[in-house]
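What follows is a short report on a single structure.
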Amino acid sequence: MTIPRLSVIGVTGIPEVQPGDDLAAMTFQAALAQGTPLEQGDVLVFTQKIVSKAEGALVDLRTVEPSAMALEFARLYEKDARLVEVVLRETRRVVRMERGVLIVETKHGFICANAGVDVSNVPGDEIVSLLPRDPDDSARRLRSSLTAATGVPLAVIVSDTFGRPWRMGNTDVAIGVAGMHPMRDYRGETDPYGYELRVSVSAVADEIASAAELTLGKLSMVPVAIVRGCEYVADDEADSALLLRPANQDLFR
């Protein structure tokens, strides 16, 4: 009997990333230098922040002119109106806007706080990061470069930290996926006791992103992790959109 085993390896030695940097090459070299070269079947998890930096998804708040809506919200809750304006610009739909919290649907379709706009782990007092314009495309391009460099099939996840309704604390989820199907559908299969599963669908990409975050952390300056030994279904076409619940199935909309 094979003993299930999963390893999560933080990739250290990646310098501060600047817009235009070759993130795939930097990751490949860093993994090699620390003695954990990439292997077939590895899943590379990149934090959203490092991807956004490499792609130049950054905004200087000194260039932002707040709208009336941003000014009013900022006045009520003592927020930076320029930051509120950036959030609104990244928003498709405001879900909740009170108590100083902005829960929105981003242009990507994610429901999250502040549209993923973040001030942490970004150099400069007036600079904020946005989510990548197309996180799935970011994942695809990283995977293509890393597969070419290694000569073996890999999968890539771009992760970000989301809150969870009805649960305290945050956890990382997959906002971009390439090279794997983000779900594992058990429906129609039979458990060891003969019961046919009817509703069991696991968000594998989210689970991998969350596991990787235990190595990445928030203060460690380790922005990439290798998840090794995880079983997933290789898929060149699937993307993170499969993880988004359709509006007609959303009981809380």
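So you can find residues: chains in the structure tokens are A, B, ... in the order shown, residues in each start at 1, and ligands are numbered from 1 in order.
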- Message: I want to know what sits within 8 Å of Leu130 of chain A, based on only C-alpha atoms, with residues of the same chain fewer than 3 positions away left out; could you give that as a list of chain:residue names?
- Response: A:Ser52, A:Ala57, A:Leu58, A:Val59, A:Gly116, A:Val117, A:Asp118
- Item | Among the residues A:His181, A:Arg143, A:Arg167, A:Lys218, the one that comes closest to Leu44 of chain A [using only C-alpha atoms] |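 Smallest distance to Leu44 of chain A is found for A:Arg143.
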- Residue set, segment 25-178 of chain A restricted to alpha helix (DSSP H), as JSON, numbers by chain: {"A": [25, 26, 27, 28, 29, 30, 31, 32, 33, 48, 49, 50, 51, 52, 53, 54, 55, 68, 69, 70, 71, 72, 73, 74, 75, 76, 77, 81, 82, 83, 84, 85, 86, 87, 88, 89, 135, 136, 137, 138, 139, 140, 141, 142, 143, 144, 145, 146, 147, 148, 149, 150]}
- Task: Would you list the contacts of Leu214 of chain A as a list in words, taking every protein, DNA or RNA residue within 10 Å and counting only C-alpha atoms, but skipping same-chain residues closer than 4 positions in sequence?
- Result: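 In the requested form, the answer reads Val8, Ile9, Gly10, Thr171, Asp172, Ala209, Ser210, Lys218 and Ala225 of chain A.
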- All residues 8 Å or closer to segment 24-37 of chain A, only C-alpha atoms, same chain fewer than 3 positions away omitted, as a VMD selection string: chain A and resid 11 to 14 142 to 143 145 to 146 149 224
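Interatomic distance, atom CA of Arg82 of chain A to atom CA of Asn170 of chain A: 25.2 Å.
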- Rank nothing, just name the residue among A:Arg253, A:Arg184, A:Arg140, A:Arg5 nearest to Glu207 of chain A, using only C-alpha atoms.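 Nearest to Glu207 of chain A: A:Arg184.
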- Message: Which residues are close to Pro66 of chain A, i.e. within 10 Å by only C-alpha atoms, leaving aside same-chain residues fewer than 6 positions away? Reply as a ChimeraX atom specification.
- Response: /A:72,74,80-86,88
- Go through segment 70-194 of chain A and collect every residue that DSSP, computed from the backbone, puts in strand (DSSP E or B); the answer should be as an NGL selection string. :A and (91-98 or 101-106 or 111-113 or 118 or 127-129 or 155-164 or 167-180 or 184-185 or 190)
Residues of segment 100-194 of chain A that have any atom at most 7 Å from an atom of segment 226-244 of chain A: could you tabulate them with the shortest-distance atom pair and the distance in Å to one decimal, using only C-alpha atoms, ordered by chain and increasing number, as JSON lines?
{"residue": "A:Asp136", "atom": "CA", "partner": "A:Asp239", "partner_atom": "CA", "distance": 6.2}
{"residue": "A:Ala174", "atom": "CA", "partner": "A:Ser240", "partner_atom": "CA", "distance": 6.9}
{"residue": "A:Ile175", "atom": "CA", "partner": "A:Ser240", "partner_atom": "CA", "distance": 5.9}
{"residue": "A:Gly176", "atom": "CA", "partner": "A:Ser240", "partner_atom": "CA", "distance": 5.3}
{"residue": "A:Val177", "atom": "CA", "partner": "A:Asp239", "partner_atom": "CA", "distance": 5.1}
{"residue": "A:Ala178", "atom": "CA", "partner": "A:Asp239", "partner_atom": "CA", "distance": 6.3}
{"residue": "A:Gly179", "atom": "CA", "partner": "A:Asp236", "partner_atom": "CA", "distance": 4.8}
{"residue": "A:Met180", "atom": "CA", "partner": "A:Ala234", "partner_atom": "CA", "distance": 4.3}
{"residue": "A:His181", "atom": "CA", "partner": "A:Asp235", "partner_atom": "CA", "distance": 5.3}
{"residue": "A:Pro182", "atom": "CA", "partner": "A:Ser240", "partner_atom": "CA", "distance": 6.6}
